[in-house]
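Heads up, the thing below is written out as structure tokens.
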Amino acid sequence: MAMSDPRPFVAVFCGARVGKDPAFADAAREVGRLIAERGMGLVYGGGRVGLMGVIADAALDAGAPVVGVIPRSMVDAELAHTGCTELHVVTTMHERKALMAERSAAFLAMPGGVGTLDEIFEAITWNQLAIHDKPIGFLDTGGFYQPLRAFMTNANAAGLIPDSTMDRLVFDPQPATILDAMLPNYSRAGIGNATGER
């Protein structure tokens, strides 16, 4: 899809591994399917493996446009998803995150490792610095993000994370609920406010 596509694209950050809990892959499939059902698009890291591959396949199978943004090193390692609607190959991780942010109306972190945390925390930091004003969510499958939420709550109580940042974050274990919370003005039929405003 061209950059003029009016539908909201959700940037999803998730693991390049599927993890030990089958619920992670189930949630990824559900998010991909719901993005398509709501008339949205997916922006993600462009990989064919792990939860990245699961969510991309689910979104594509359900008819959603999928924009992958992947570093050249991962392409060279044959980890790129060649079935994406668009696949952008970049040189650095900084370029990857910047392009994903540019193409998205909201950011969603699914279970993942240090790369997922790096990506979602950069989105949070940019929000705190007023670089963007897009919704940010954590899909808390099986309570995966509760320890992180506790850390952030503690940092907020210690005066190190402002209330305004905490108020902007959405934690929820259900894919449908978190998408509705992040983009409430966009209907399930894909009709409505596609800006991601809340």
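By convention here, the chains of the structure tokens are called A, B, ... in the order presented, each chain's residues are numbered starting at 1, and ligands are numbered starting at 1 in the order presented.
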
For this session: Would you mind listing what lies within 9 Å of region 51-63 of chain A as a VMD selection string, with only C-alpha atoms counted and same-chain residues fewer than 3 positions away left out?
Result: chain A and resid 12 to 19 24 to 37 39 41 to 48 66 to 68 81 83 to 85 110 to 112

Take the residues from that selection and put them in a file with N, CA and C atoms, as a compact mmCIF listing (two decimals), in the first residue's frame.
```
# COMPACT_ATOMS: atom_id res chain seq x y z
N VAL A 12 3.67 -3.27 15.27
CA VAL A 12 3.73 -4.32 16.29
C VAL A 12 5.18 -4.76 16.46
N PHE A 13 5.64 -4.68 17.69
CA PHE A 13 6.97 -5.15 18.06
C PHE A 13 6.81 -6.48 18.79
N CYS A 14 7.54 -7.50 18.36
CA CYS A 14 7.42 -8.81 18.99
C CYS A 14 8.67 -9.64 18.72
N GLY A 15 8.72 -10.81 19.33
CA GLY A 15 9.92 -11.61 19.32
C GLY A 15 10.23 -12.25 17.98
N ALA A 16 11.52 -12.42 17.72
CA ALA A 16 11.98 -13.20 16.58
C ALA A 16 12.02 -14.69 16.92
N ARG A 17 11.57 -15.00 18.13
CA ARG A 17 11.36 -16.38 18.57
C ARG A 17 9.90 -16.50 18.97
N VAL A 18 9.36 -17.73 18.95
CA VAL A 18 7.96 -17.90 19.34
C VAL A 18 7.80 -18.02 20.85
N GLY A 19 8.88 -18.34 21.57
CA GLY A 19 8.78 -18.51 23.01
C GLY A 19 8.24 -19.88 23.39
N PHE A 24 1.54 -17.26 23.19
CA PHE A 24 2.16 -16.13 22.51
C PHE A 24 1.84 -16.16 21.02
N ALA A 25 2.02 -17.32 20.40
CA ALA A 25 1.72 -17.45 18.97
C ALA A 25 0.23 -17.32 18.72
N ASP A 26 -0.59 -17.86 19.61
CA ASP A 26 -2.04 -17.72 19.46
C ASP A 26 -2.44 -16.24 19.47
N ALA A 27 -1.83 -15.48 20.38
CA ALA A 27 -2.13 -14.05 20.47
C ALA A 27 -1.67 -13.32 19.22
N ALA A 28 -0.51 -13.70 18.69
CA ALA A 28 -0.01 -13.07 17.47
C ALA A 28 -0.95 -13.31 16.29
N ARG A 29 -1.44 -14.53 16.19
CA ARG A 29 -2.40 -14.84 15.12
C ARG A 29 -3.68 -14.02 15.28
N GLU A 30 -4.12 -13.88 16.53
CA GLU A 30 -5.35 -13.13 16.79
C GLU A 30 -5.17 -11.65 16.46
N VAL A 31 -4.04 -11.08 16.84
CA VAL A 31 -3.79 -9.67 16.53
C VAL A 31 -3.75 -9.46 15.02
N GLY A 32 -3.06 -10.33 14.30
CA GLY A 32 -3.00 -10.20 12.85
C GLY A 32 -4.38 -10.28 12.21
N ARG A 33 -5.18 -11.22 12.68
CA ARG A 33 -6.54 -11.37 12.13
C ARG A 33 -7.40 -10.15 12.45
N LEU A 34 -7.32 -9.64 13.67
CA LEU A 34 -8.14 -8.51 14.07
C LEU A 34 -7.74 -7.23 13.35
N ILE A 35 -6.45 -7.06 13.11
CA ILE A 35 -6.00 -5.90 12.34
C ILE A 35 -6.67 -5.90 10.97
N ALA A 36 -6.72 -7.07 10.35
CA ALA A 36 -7.37 -7.17 9.04
C ALA A 36 -8.87 -6.93 9.15
N GLU A 37 -9.51 -7.54 10.14
CA GLU A 37 -10.96 -7.39 10.29
C GLU A 37 -11.38 -5.95 10.52
N GLY A 39 -10.00 -3.40 9.25
CA GLY A 39 -9.62 -2.57 8.12
C GLY A 39 -8.34 -1.80 8.33
N GLY A 41 -3.87 -1.88 8.86
CA GLY A 41 -2.69 -2.50 8.29
C GLY A 41 -1.67 -2.77 9.37
N LEU A 42 -0.72 -3.65 9.07
CA LEU A 42 0.34 -4.02 10.00
C LEU A 42 1.67 -3.47 9.53
N VAL A 43 2.41 -2.84 10.45
CA VAL A 43 3.81 -2.50 10.24
C VAL A 43 4.60 -3.31 11.26
N TYR A 44 5.64 -4.00 10.80
CA TYR A 44 6.40 -4.82 11.74
C TYR A 44 7.83 -4.96 11.22
N GLY A 45 8.61 -5.76 11.92
CA GLY A 45 10.04 -5.83 11.66
C GLY A 45 10.49 -6.60 10.43
N GLY A 46 9.54 -7.11 9.64
CA GLY A 46 9.89 -7.70 8.35
C GLY A 46 10.42 -9.12 8.37
N GLY A 47 10.45 -9.76 9.53
CA GLY A 47 11.00 -11.11 9.61
C GLY A 47 9.98 -12.19 9.31
N ARG A 48 10.49 -13.36 8.93
CA ARG A 48 9.62 -14.50 8.63
C ARG A 48 9.61 -15.51 9.77
N VAL A 66 0.55 -5.57 4.77
CA VAL A 66 1.63 -5.76 5.75
C VAL A 66 2.89 -5.08 5.23
N VAL A 67 3.39 -4.14 6.04
CA VAL A 67 4.61 -3.42 5.71
C VAL A 67 5.72 -3.93 6.62
N GLY A 68 6.74 -4.53 6.02
CA GLY A 68 7.88 -5.00 6.76
C GLY A 68 9.05 -4.05 6.61
N HIS A 81 10.73 -11.76 5.38
CA HIS A 81 9.45 -12.30 4.93
C HIS A 81 9.20 -11.76 3.53
N GLY A 83 6.81 -12.32 1.53
CA GLY A 83 5.41 -12.19 1.14
C GLY A 83 4.76 -10.89 1.57
N CYS A 84 5.53 -9.98 2.19
CA CYS A 84 4.95 -8.71 2.65
C CYS A 84 4.40 -7.90 1.48
N THR A 85 3.38 -7.12 1.76
CA THR A 85 2.84 -6.20 0.77
C THR A 85 3.92 -5.20 0.35
N MET A 110 4.07 -6.92 21.75
CA MET A 110 3.69 -8.26 22.16
C MET A 110 4.85 -8.87 22.94
N PRO A 111 4.69 -10.05 23.51
CA PRO A 111 5.83 -10.68 24.18
C PRO A 111 7.05 -10.73 23.27
N GLY A 112 8.19 -10.40 23.84
CA GLY A 112 9.44 -10.39 23.09
C GLY A 112 10.60 -10.19 24.02
```

Exercise. Looking only at the backbone, which of the residues in chain A does DSSP tag as strand (DSSP E), as a PyMOL selection string?
Worked result: chain A and resi 9-13+41-44+66-71+86-90+106-109+136-139+169-172

For this session: From a DSSP pass on the backbone, collect the residues of region 7-194 of chain A flagged as alpha helix (DSSP H) and hand them back as number ranges by chain.
Result: A: 22-37, 50-61, 72-76, 93-103, 114-128, 146-157, 163-168, 175-182

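When only C-alpha atoms are used to measure the gap to Glu122 (chain A), the shortest distance among A:Ser104, A:Gly143, A:Pro184, A:Lys97 belongs to A:Lys97.
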
For this session: Kindly give the distance, in Å, that separates CA of Val10 (chain A) and CA of Ala106 (chain A), rounded to a single decimal.
Result: 5.1 Å

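CA of Ala109 (chain A) is positioned 14.4 Å from CA of Pro147 (chain A).
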
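The list of residues with at least one atom within 10 Å of Ile136 (chain A), based on only C-alpha atoms and without residues fewer than 2 positions apart in the same chain, reads Val10, Ala11, Ala105, Ala106, Phe107, Leu108, Ala109, Ile120, Phe121, Ala123, Ile124, Asn127, Asp133, Lys134, Phe138, Thr165, Arg168, Leu169, Val170, Phe171, Ile178, Ala181 and Met182 of chain A.
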